[in-house]
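Below is the file upload_29.cif, which contains mmCIF, C-alpha atoms.
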```
data_my_file
#
loop_
_atom_site.label_atom_id
_atom_site.label_comp_id
_atom_site.auth_asym_id
_atom_site.auth_seq_id
_atom_site.Cartn_x
_atom_site.Cartn_y
_atom_site.Cartn_z
CA MET S 814 22.74 -20.97 10.60
CA ASN S 815 25.33 -19.67 8.20
CA GLN S 816 27.68 -21.57 5.94
CA GLU S 817 30.47 -22.02 8.44
CA GLU S 818 28.15 -23.13 11.19
CA PHE S 819 26.60 -25.62 8.80
CA LYS S 820 29.98 -27.10 7.99
CA THR S 821 30.95 -27.21 11.62
CA ASN S 822 27.75 -28.72 13.00
CA ILE S 823 26.20 -30.74 10.17
CA LEU S 824 29.07 -32.08 8.07
CA PRO S 825 30.65 -34.09 10.91
CA LEU S 826 27.41 -36.08 11.05
CA GLN S 827 28.09 -37.49 7.61
CA PRO S 828 29.71 -40.80 8.77
CA ALA S 829 26.72 -41.69 10.94
CA MET S 830 24.30 -40.69 8.22
CA GLN S 831 26.25 -42.68 5.64
CA LEU S 832 26.42 -45.72 7.89
CA LEU S 833 22.68 -45.56 8.61
CA ALA S 834 21.83 -45.25 4.94
CA GLU S 835 24.07 -48.19 4.10
CA ARG S 836 22.41 -50.30 6.75
CA ILE S 837 18.93 -49.50 5.43
CA LEU S 838 19.57 -49.52 1.70
CA GLY S 839 22.38 -52.10 1.65
CA ASN S 840 24.25 -50.23 -1.05
CA PRO S 841 27.07 -47.74 -0.32
CA ASP S 842 26.50 -45.81 -3.53
CA ASP S 843 22.75 -45.37 -2.97
CA ALA S 844 23.53 -44.46 0.62
CA ALA S 845 25.99 -41.80 -0.52
CA ASP S 846 23.43 -40.33 -2.92
CA THR S 847 20.74 -40.33 -0.25
CA VAL S 848 23.02 -38.63 2.25
CA GLN S 849 23.87 -35.98 -0.31
CA GLU S 850 20.18 -35.29 -0.98
CA VAL S 851 19.58 -34.99 2.74
CA PHE S 852 22.45 -32.53 3.05
CA ILE S 853 21.01 -30.38 0.27
CA SER S 854 17.62 -30.45 1.98
CA LEU S 855 19.21 -29.46 5.27
CA TRP S 856 21.04 -26.61 3.57
CA ASP S 857 17.78 -25.29 2.14
CA LYS S 858 16.24 -25.39 5.61
CA ARG S 859 19.29 -24.11 7.43
CA SER S 860 17.37 -21.14 8.82
CA GLU S 861 15.15 -23.56 10.76
CA LEU S 862 17.98 -25.66 12.13
CA ASP S 863 18.81 -23.18 14.87
CA SER S 864 15.57 -23.96 16.66
CA ILE S 865 16.22 -27.72 16.68
CA VAL S 866 17.61 -28.97 19.96
CA ARG S 867 18.68 -32.51 19.05
CA LEU S 868 20.28 -31.77 15.74
CA LYS S 869 22.04 -35.15 15.36
CA ASN S 870 18.86 -37.10 15.82
CA TYR S 871 17.05 -34.78 13.45
CA CYS S 872 19.65 -35.45 10.72
CA LEU S 873 19.58 -39.18 11.21
CA GLN S 874 15.78 -39.19 11.18
CA SER S 875 15.86 -37.30 7.90
CA VAL S 876 18.15 -39.96 6.43
CA ARG S 877 15.96 -42.71 7.78
CA LEU S 878 12.76 -41.27 6.28
CA ARG S 879 14.46 -40.61 2.98
CA CYS S 880 15.72 -44.18 2.80
CA ILE S 881 12.25 -45.51 3.60
CA ASP S 882 10.79 -43.43 0.79
CA ILE S 883 13.36 -44.89 -1.59
CA LEU S 884 12.55 -48.40 -0.50
CA ARG S 885 8.83 -47.83 -0.91
CA LYS S 886 9.34 -46.33 -4.34
CA HIS S 887 11.57 -49.09 -5.70
CA LYS S 888 10.31 -52.13 -3.88
CA ASN S 889 6.86 -51.91 -2.41
CA ASP S 890 4.56 -48.93 -2.43
CA THR S 891 2.49 -50.34 0.40
CA LEU S 892 5.51 -50.77 2.61
CA GLN S 893 4.91 -49.18 5.96
CA PRO S 894 7.71 -47.30 7.69
CA ASP S 895 7.27 -49.37 10.83
CA ALA S 896 7.86 -52.54 8.84
CA ILE S 897 11.38 -51.47 8.00
CA GLU S 898 13.84 -52.25 10.74
CA THR S 899 16.28 -49.44 10.92
CA PRO S 900 19.09 -49.07 13.40
CA THR S 901 18.50 -46.63 16.12
CA ASP S 902 20.26 -43.36 16.26
CA GLN S 903 22.23 -44.42 19.30
CA ALA S 904 23.42 -47.58 17.53
CA MET S 905 24.62 -45.50 14.63
CA PHE S 906 26.41 -43.11 16.91
CA ASP S 907 27.99 -45.98 18.85
CA GLU S 908 29.19 -47.62 15.69
CA VAL S 909 30.61 -44.43 14.34
CA GLU S 910 32.31 -43.82 17.63
CA GLU S 911 33.83 -47.33 17.59
CA ASN S 912 35.10 -46.73 14.08
CA GLU S 913 36.69 -43.52 15.19
CA ARG S 914 38.33 -45.25 18.11
CA ARG S 915 39.72 -47.96 15.83
CA TYR S 916 40.94 -45.37 13.37
CA SER S 917 42.78 -43.44 16.07
CA LEU S 918 44.26 -46.70 17.41
CA LEU S 919 45.44 -47.83 14.03
CA ASN S 920 46.82 -44.40 13.32
CA SER S 921 48.82 -44.49 16.52
CA LEU S 922 50.08 -48.04 15.78
CA LEU S 923 51.10 -47.16 12.26
CA LEU S 924 53.07 -44.23 13.55
CA GLN S 925 55.14 -46.71 15.62
CA LEU S 926 56.08 -48.85 12.56
CA PRO S 927 59.22 -48.23 10.49
CA ASP S 928 58.75 -46.00 7.46
CA LYS S 929 59.20 -48.81 4.90
CA GLN S 930 56.66 -51.11 6.63
CA ARG S 931 54.19 -48.19 7.09
CA LYS S 932 54.56 -47.27 3.43
CA ILE S 933 53.94 -50.90 2.35
CA ILE S 934 50.74 -51.03 4.47
CA GLN S 935 49.63 -47.69 3.09
CA MET S 936 50.05 -48.81 -0.51
CA LYS S 937 48.64 -52.28 0.12
CA TYR S 938 45.49 -51.46 2.12
CA PHE S 939 44.71 -47.84 1.50
CA ASP S 940 46.02 -47.08 -2.01
CA ASN S 941 45.06 -50.49 -3.40
CA CYS S 942 48.32 -50.85 -5.32
CA ASP S 943 49.30 -54.17 -6.85
CA THR S 944 52.64 -55.88 -6.45
CA GLN S 945 54.17 -54.46 -9.60
CA GLN S 946 53.34 -50.90 -8.65
CA MET S 947 54.78 -51.48 -5.17
CA GLU S 948 57.95 -52.92 -6.66
CA ALA S 949 58.31 -49.94 -9.01
CA SER S 950 57.60 -47.43 -6.30
CA LEU S 951 59.63 -49.00 -3.46
CA GLN S 952 62.42 -50.42 -5.65
CA MET S 953 62.02 -53.73 -3.88
CA SER S 954 61.34 -57.24 -4.97
CA SER S 955 57.98 -58.82 -4.36
CA ALA S 956 59.50 -61.26 -1.83
CA ASN S 957 61.01 -58.46 0.21
CA ILE S 958 57.71 -56.54 0.05
CA TYR S 959 55.63 -59.45 1.41
CA THR S 960 58.27 -60.15 4.07
CA SER S 961 58.14 -56.54 5.25
CA LEU S 962 54.30 -56.62 5.13
CA SER S 963 54.13 -59.73 7.29
CA ARG S 964 56.49 -58.20 9.83
CA ALA S 965 54.44 -55.01 9.97
CA LEU S 966 51.21 -56.92 10.58
CA GLN S 967 52.85 -58.97 13.30
CA SER S 968 54.06 -55.81 14.99
CA LEU S 969 50.58 -54.34 14.81
CA ARG S 970 49.02 -57.40 16.38
CA GLU S 971 51.44 -57.32 19.24
CA LYS S 972 50.81 -53.66 19.88
CA MET S 973 47.05 -54.15 19.65
CA GLU S 974 47.16 -56.84 22.30
CA LYS S 975 48.92 -54.38 24.54
CA ALA S 976 46.42 -51.60 23.73
CA LEU S 977 43.31 -53.73 24.16
CA MET B 778 43.16 -65.66 13.30
CA LYS B 779 41.25 -63.41 15.59
CA GLN B 780 44.07 -60.91 15.75
CA ARG B 781 44.33 -60.90 11.99
CA LEU B 782 40.61 -60.17 11.61
CA GLU B 783 40.91 -57.34 14.06
CA ILE B 784 43.76 -55.87 12.08
CA GLU B 785 41.63 -56.12 8.95
CA ASP B 786 38.82 -54.40 10.82
CA LEU B 787 41.18 -51.68 11.82
CA ILE B 788 42.27 -51.29 8.26
CA ALA B 789 38.63 -51.25 7.13
CA ALA B 790 37.89 -48.59 9.69
CA GLU B 791 40.80 -46.63 8.41
CA GLN B 792 39.54 -47.00 4.88
CA ARG B 793 36.06 -45.92 5.88
CA HIS B 794 37.47 -42.97 7.71
CA GLN B 795 39.39 -41.87 4.67
CA ALA B 796 36.31 -42.32 2.51
CA ASP B 797 34.25 -40.30 4.94
CA LEU B 798 36.80 -37.52 4.88
CA ARG B 799 36.70 -37.42 1.10
CA ARG B 800 32.94 -37.47 1.14
CA GLN B 801 32.78 -34.66 3.66
CA GLN B 802 35.11 -32.63 1.51
CA GLN B 803 32.87 -33.19 -1.47
CA LEU B 804 29.84 -32.17 0.55
CA SER B 805 31.67 -29.10 1.77
CA ASP B 806 32.39 -28.13 -1.81
CA LEU B 807 28.77 -28.76 -2.68
CA ILE B 808 27.65 -26.46 0.14
CA ASP B 809 30.05 -23.79 -1.10
CA GLN B 810 28.59 -24.06 -4.59
CA LEU B 811 25.05 -23.81 -3.24
CA ALA B 812 25.98 -20.76 -1.20
CA ALA B 813 27.64 -19.13 -4.21
CA ALA B 814 24.59 -19.85 -6.37
CA GLU B 815 22.31 -18.37 -3.73
CA THR B 816 24.53 -15.29 -3.53
CA LYS B 817 24.33 -14.80 -7.30
CA ALA B 818 20.61 -15.35 -7.33
CA GLY B 819 20.23 -13.12 -4.30
CA ALA B 820 20.38 -9.87 -6.26
CA ALA B 821 17.82 -10.98 -8.80
CA SER B 822 15.57 -12.44 -6.16
CA ALA B 823 15.96 -9.30 -4.06
CA ALA B 824 14.83 -7.17 -6.98
CA THR B 825 11.94 -9.50 -7.59
CA ALA B 826 11.07 -9.42 -3.93
CA THR B 827 11.18 -5.62 -3.94
CA LYS B 828 8.79 -5.50 -6.87
CA ALA B 829 6.52 -7.96 -5.21
CA ALA B 830 6.58 -5.95 -1.99
CA ALA B 831 5.82 -2.74 -3.87
CA LYS B 832 2.91 -4.42 -5.62
CA THR B 833 1.65 -5.73 -2.34
CA ASP B 834 1.84 -2.27 -0.80
CA GLU B 835 -0.03 -0.82 -3.75
CA ASN B 836 -2.76 -3.38 -3.37
CA GLU B 837 -2.90 -2.68 0.34
CA SER B 838 -3.21 1.05 -0.29
CA ARG B 839 -6.03 0.45 -2.75
CA ARG B 840 -7.87 -1.59 -0.19
CA ARG B 841 -9.30 1.14 2.05
CA PRO B 842 -10.78 0.30 5.43
CA ILE B 843 -14.50 0.41 5.86
CA TRP B 844 -14.42 3.50 8.07
CA PHE B 845 -12.88 5.40 5.18
CA TRP B 846 -15.83 4.65 2.93
CA PHE B 847 -18.30 5.50 5.68
CA SER B 848 -16.60 8.85 6.24
CA ALA B 849 -16.57 9.59 2.54
CA ALA B 850 -20.26 8.77 2.26
CA ALA B 851 -21.10 11.01 5.24
CA CYS B 852 -19.13 13.92 3.78
CA LEU B 853 -20.82 13.48 0.41
CA LEU B 854 -24.26 13.41 2.01
CA LEU B 855 -23.47 16.57 3.98
CA LEU B 856 -22.32 18.39 0.85
CA VAL B 857 -25.46 17.36 -1.04
CA THR B 858 -27.67 18.55 1.80
CA ILE B 859 -25.96 21.92 1.98
CA GLY B 860 -26.20 22.31 -1.78
CA LEU B 861 -29.91 21.57 -1.81
CA ARG B 862 -30.55 24.08 0.97
CA HIS B 863 -28.59 26.71 -0.89
CA LEU B 864 -30.56 26.14 -4.08
CA THR B 865 -33.98 26.24 -2.44
CA TYR B 866 -33.29 29.19 -0.13
CA ARG B 867 -34.30 32.71 -1.39
CA PRO B 868 -34.26 35.55 1.10
CA ALA B 869 -36.89 38.31 1.09
CA ASP B 870 -34.46 41.03 0.01
CA THR B 871 -33.27 39.15 -3.02
CA PRO B 872 -32.41 41.62 -5.75
CA ALA B 873 -34.47 41.73 -8.88
CA PRO B 874 -33.61 39.54 -11.78
CA THR B 875 -31.05 40.72 -14.21
CA ILE B 876 -33.63 41.58 -16.81
CA LEU B 877 -34.81 44.50 -14.69
CA ALA B 878 -31.54 45.53 -13.19
CA SER B 879 -29.29 45.55 -16.18
CA THR B 880 -31.56 46.68 -18.99
CA ASP B 881 -30.60 49.75 -20.95
CA THR B 882 -34.10 50.96 -21.54
CA PRO B 883 -35.61 52.41 -18.38
CA THR B 884 -38.61 50.54 -17.19
CA VAL B 885 -41.33 51.91 -15.06
CA PRO B 886 -42.59 50.05 -12.03
CA PRO B 887 -46.30 49.51 -11.56
CA VAL B 888 -48.25 52.58 -10.81
CA ASP B 889 -49.68 51.29 -7.60
CA THR B 890 -46.19 50.97 -6.12
CA ILE B 891 -45.52 54.70 -6.25
CA PRO B 892 -45.58 56.11 -2.77
CA ALA B 893 -48.56 58.20 -1.98
CA THR B 894 -48.10 61.91 -1.80
CA THR B 895 -50.01 64.61 -0.11
CA THR B 896 -50.36 66.54 -3.32
CA PRO B 897 -52.91 64.77 -5.48
CA GLN B 898 -52.51 67.28 -8.30
CA THR B 899 -49.36 65.50 -9.36
CA LEU B 900 -51.30 62.38 -10.10
CA THR B 901 -53.37 63.76 -12.94
CA PRO B 902 -53.60 61.36 -15.81
CA SER B 903 -51.98 63.68 -18.33
CA THR B 904 -48.95 64.31 -16.16
CA SER B 905 -48.26 60.82 -14.91
CA ALA B 906 -45.92 59.86 -17.69
CA PRO B 907 -43.22 62.49 -17.24
CA LEU B 908 -43.39 62.19 -13.51
CA LEU B 909 -42.87 58.48 -13.50
CA ALA B 910 -40.08 58.72 -15.97
CA SER B 911 -38.14 60.91 -13.62
CA LEU B 912 -38.27 58.41 -10.79
CA PRO B 913 -35.02 56.72 -9.91
CA THR B 914 -34.90 53.14 -10.95
CA THR B 915 -31.73 52.01 -9.20
CA ASN B 916 -33.22 51.76 -5.75
CA TYR B 917 -36.33 50.02 -6.91
CA LYS B 918 -37.14 46.82 -5.10
CA PRO B 919 -40.17 44.97 -6.31
CA GLU B 920 -42.39 43.03 -4.04
CA ALA B 921 -41.61 39.41 -3.49
CA SER B 922 -45.01 38.35 -4.78
CA ALA B 923 -44.73 40.34 -8.04
CA PRO B 924 -43.90 38.01 -10.89
CA THR B 925 -41.07 38.78 -13.22
CA GLU B 926 -43.17 38.36 -16.35
CA LYS B 927 -45.46 41.12 -15.26
CA ALA B 928 -42.57 43.54 -15.01
CA GLU B 929 -41.44 42.67 -18.47
CA GLU B 930 -44.85 43.51 -19.92
CA GLU B 931 -44.85 47.01 -18.53
CA PRO B 932 -44.72 49.66 -21.25
CA VAL B 933 -41.62 51.67 -21.67
CA ILE B 934 -42.34 55.28 -20.87
CA PRO B 935 -40.54 57.71 -23.13
CA GLU B 936 -38.52 60.47 -21.69
CA PRO B 937 -40.22 63.81 -21.18
CA PRO B 938 -39.77 66.53 -23.77
CA LEU B 939 -36.85 68.84 -23.33
CA GLU B 940 -38.85 72.07 -23.67
CA ILE B 941 -40.73 71.53 -20.43
CA GLU B 942 -39.81 74.09 -17.92
CA THR B 943 -39.11 73.11 -14.40
CA PRO B 944 -41.55 74.90 -12.13
CA VAL B 945 -40.82 75.91 -8.63
CA PHE B 946 -42.99 73.51 -6.79
CA SER B 947 -42.21 72.73 -3.26
CA ASN B 948 -43.79 69.91 -1.50
CA SER B 949 -42.91 70.12 2.14
CA SER B 950 -45.10 67.31 3.31
CA SER B 951 -43.41 64.70 1.14
CA THR B 952 -40.11 63.15 2.20
CA GLN B 953 -39.08 62.37 -1.35
CA PRO B 954 -39.03 64.93 -4.12
CA LEU B 955 -41.39 63.21 -6.45
CA ILE B 956 -42.08 66.21 -8.65
CA ALA B 957 -38.96 67.26 -10.42
CA GLU B 958 -40.54 68.91 -13.41
CA ALA B 959 -43.85 70.60 -13.70
CA PRO B 960 -46.18 69.34 -16.35
CA LYS B 961 -47.55 71.52 -19.11
CA VAL B 962 -51.12 70.98 -18.18
CA PHE B 963 -50.54 72.02 -14.65
CA GLU B 964 -48.66 75.06 -15.84
CA ARG B 965 -51.54 76.02 -18.02
CA THR B 966 -53.90 75.63 -15.15
CA SER B 967 -51.75 77.76 -12.91
CA ASN B 968 -51.62 80.42 -15.58
CA ARG B 969 -55.32 80.40 -15.66
CA LEU B 970 -55.37 80.81 -11.93
CA VAL B 971 -52.91 83.64 -12.13
CA ALA B 972 -55.01 85.32 -14.70
CA THR B 973 -58.08 85.23 -12.54
CA THR B 974 -56.74 85.67 -9.06
CA GLY B 975 -53.57 87.62 -9.63
CA ASN B 976 -50.53 87.54 -7.36
CA THR B 977 -52.32 86.07 -4.46
CA THR B 978 -52.91 82.85 -6.20
CA GLN B 979 -49.43 82.71 -7.53
CA ARG B 980 -47.98 83.21 -4.07
CA ASN B 981 -50.15 80.50 -2.70
CA LEU B 982 -48.99 78.12 -5.33
CA ARG B 983 -45.35 78.75 -4.58
CA GLN B 984 -45.86 78.71 -0.85
CA PRO B 985 -48.66 76.36 0.05
CA SER B 986 -50.54 76.81 3.21
CA PRO B 987 -49.45 74.80 6.20
CA GLU B 988 -52.71 72.88 6.29
CA PRO B 989 -52.20 70.06 3.88
CA GLU B 990 -55.75 68.87 4.00
CA THR B 991 -57.07 72.06 2.34
CA GLN B 992 -54.66 72.21 -0.57
CA PRO B 993 -55.86 69.19 -2.55
CA ILE B 994 -59.24 70.80 -2.95
CA ALA B 995 -57.64 73.98 -4.22
CA PHE B 996 -55.45 72.39 -6.85
CA PHE B 997 -57.72 69.64 -8.01
CA VAL B 998 -59.35 70.89 -11.20
CA PRO B 999 -61.56 68.33 -12.81
CA LYS B 1000 -62.27 68.46 -16.47
CA GLY B 1001 -65.40 70.13 -17.74
CA THR B 1002 -65.79 72.55 -14.81
CA SER B 1003 -65.14 76.21 -15.04
CA ALA B 1004 -62.36 77.82 -13.12
CA LEU B 1005 -64.61 80.41 -11.60
CA PHE B 1006 -66.89 77.77 -10.18
CA ASP B 1007 -63.96 76.12 -8.60
CA LEU B 1008 -62.47 79.27 -7.27
CA ALA B 1009 -65.58 79.93 -5.33
CA LYS B 1010 -64.93 76.81 -3.30
CA ILE B 1011 -61.42 77.72 -2.39
CA PRO B 1012 -61.22 79.02 1.17
CA PHE B 1013 -58.83 81.93 1.03
#
```
If you took the structure in this file and wrote it as structure tokens, what would it be?
Amino acid sequence: MNQEEFKTNILPLQPAMQLLAERILGNPDDAADTVQEVFISLWDKRSELDSIVRLKNYCLQSVRLRCIDILRKHKNDTLQPDAIETPTDQAMFDEVEENERRYSLLNSLLLQLPDKQRKIIQMKYFDNCDTQQMEASLQMSSANIYTSLSRALQSLREKMEKAL
Amino acid sequence: MKQRLEIEDLIAAEQRHQADLRRQQQLSDLIDQLAAAETKAGAASAATATKAAAKTDENESRRRPIWFWFSAAACLLLLVTIGLRHLTYRPADTPAPTILASTDTPTVPPVDTIPATTTPQTLTPSTSAPLLASLPTTNYKPEASAPTEKAEEEPVIPEPPLEIETPVFSNSSSTQPLIAEAPKVFERTSNRLVATTGNTTQRNLRQPSPEPETQPIAFFVPKGTSALFDLAKIPF
């Protein structure tokens, strides 16, 4: 497996691996570090990945075992792997798939909003801007910004009821 | 309230999706860096691997199989056997040692090895030395049982004097001309015969009779006996 094949086949598994690590470790930062270590390990063993049939399950199992090792190291050395309840691979894949579906739905709903309302939602929820930054950027008062935000959310709810 | 929570979930999903995209981009960059590092280290590791492979081949070449050592041992044993046979083998016609063949001073073989002749007058004690000295020494082949030390102890016979005249002495019964020069003593004896018997005796000396068994009696002159007494026994 060369570099491009690795990026094409292994990197898209990152959301499920990240979600699984977060569920086991309970910390997004530790989960991100663990997933990165697993990716480095997979890159070192990329020549053996061609012979693996269920590559997704193999990657998730690697994350699971790595997380269990971390838990045993930091919490309890006598902790058995069976004692740790970890989500199944299928649950991780289902959750990742649901997130993707929500993301595509929200993306389609946002595209239907006016530009000013879409920009306010973008800065409010995705860019984490405060009111003063939004006022400076949009050249609007705080009252007008919150009024436009409430209208955008109402429009999204209505469209979601139609989509669901 | 439910709709609002769903919108927040959608927004959270969107946020997670964006975070995952950023994280994937970071991992992609990390993979690129690892690949670049492996490419840089590839040349050095390739050289190291080549050296290691060469060393491994050298060790493999040093480690011969067991059949090689068995073959080498068999060949060595064969060579040793042939060498021992060559050292211990001496054929019957082996030439004489170098001390006899390449000496400057002529050596005389043992007297008993001289071939017998039908003319016993040539074997008188006083005439043996010049006769033996004239024998060829190049074709001499000693007996296999004769030791080399014995040949070295043989006395060196001096060459005959130059003033000795070569008599006309034919010996038809002998295959090898043993008598090349006539001795003085024999010449004196023949003169004495000539003086007593005249030309007849001289002719007989030059041309011996065809019966070889009668001639030794005629020419054998022992010491202390008179010539006349001997002449009476000669059947003419």
**Report entry** Hits from the PyMOL selection byres ((chain B) within 7 of (chain S)), listed as a VMD selection string
**Finding:** chain B and resid 780 784 787 to 788 790 to 792 797 801 805
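Run against this file, the PyMOL selection byres ((chain S and resi 876) around 7) gives back Met830, Ala834, Val848, Val851, Cys872, Leu873, Gln874, Ser875, Arg877, Leu878, Arg879 and Cys880 of chain S.
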Residues of the last selection are to be written out with C-alpha atoms, as a PDB file, keeping the file's coordinate frame.
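Contents of the output file selection.pdb:
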```pdb
ATOM      1  CA  MET S 830      24.300 -40.690   8.220  1.00  0.00           C
ATOM      2  CA  ALA S 834      21.830 -45.250   4.940  1.00  0.00           C
ATOM      3  CA  VAL S 848      23.020 -38.630   2.250  1.00  0.00           C
ATOM      4  CA  VAL S 851      19.580 -34.990   2.740  1.00  0.00           C
ATOM      5  CA  CYS S 872      19.650 -35.450  10.720  1.00  0.00           C
ATOM      6  CA  LEU S 873      19.580 -39.180  11.210  1.00  0.00           C
ATOM      7  CA  GLN S 874      15.780 -39.190  11.180  1.00  0.00           C
ATOM      8  CA  SER S 875      15.860 -37.300   7.900  1.00  0.00           C
ATOM      9  CA  ARG S 877      15.960 -42.710   7.780  1.00  0.00           C
ATOM     10  CA  LEU S 878      12.760 -41.270   6.280  1.00  0.00           C
ATOM     11  CA  ARG S 879      14.460 -40.610   2.980  1.00  0.00           C
ATOM     12  CA  CYS S 880      15.720 -44.180   2.800  1.00  0.00           C
TER      13      CYS S 880
END
```
Query raised in the report: Expressed in Å to a single decimal, how great is the separation between atom CA of Ser950 of chain S and atom CA of Leu922 of chain S?
Result: 23.3 Å
Query raised in the report: In Å, how far is it from atom CA of Arg859 of chain S to atom CA of Ala818 of chain B?
Result: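 Atom-to-atom, atom CA of Arg859 of chain S and atom CA of Ala818 of chain B are spaced 17.2 Å apart.
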Report task. Have a look at atom CA of Ser955 of chain S and atom CA of Leu924 of chain S and let me know their distance in Å, one decimal. Result ->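 Going from atom CA of Ser955 of chain S over to atom CA of Leu924 of chain S covers 23.6 Å.
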Query raised in the report: Using all atoms listed in the file, which residue out of S:Thr847, S:Ser954, S:Ser963, S:Ser921 lies closest to Glu835 of chain S?
Result: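 Of all the options, S:Thr847 lies closest to Glu835 of chain S.
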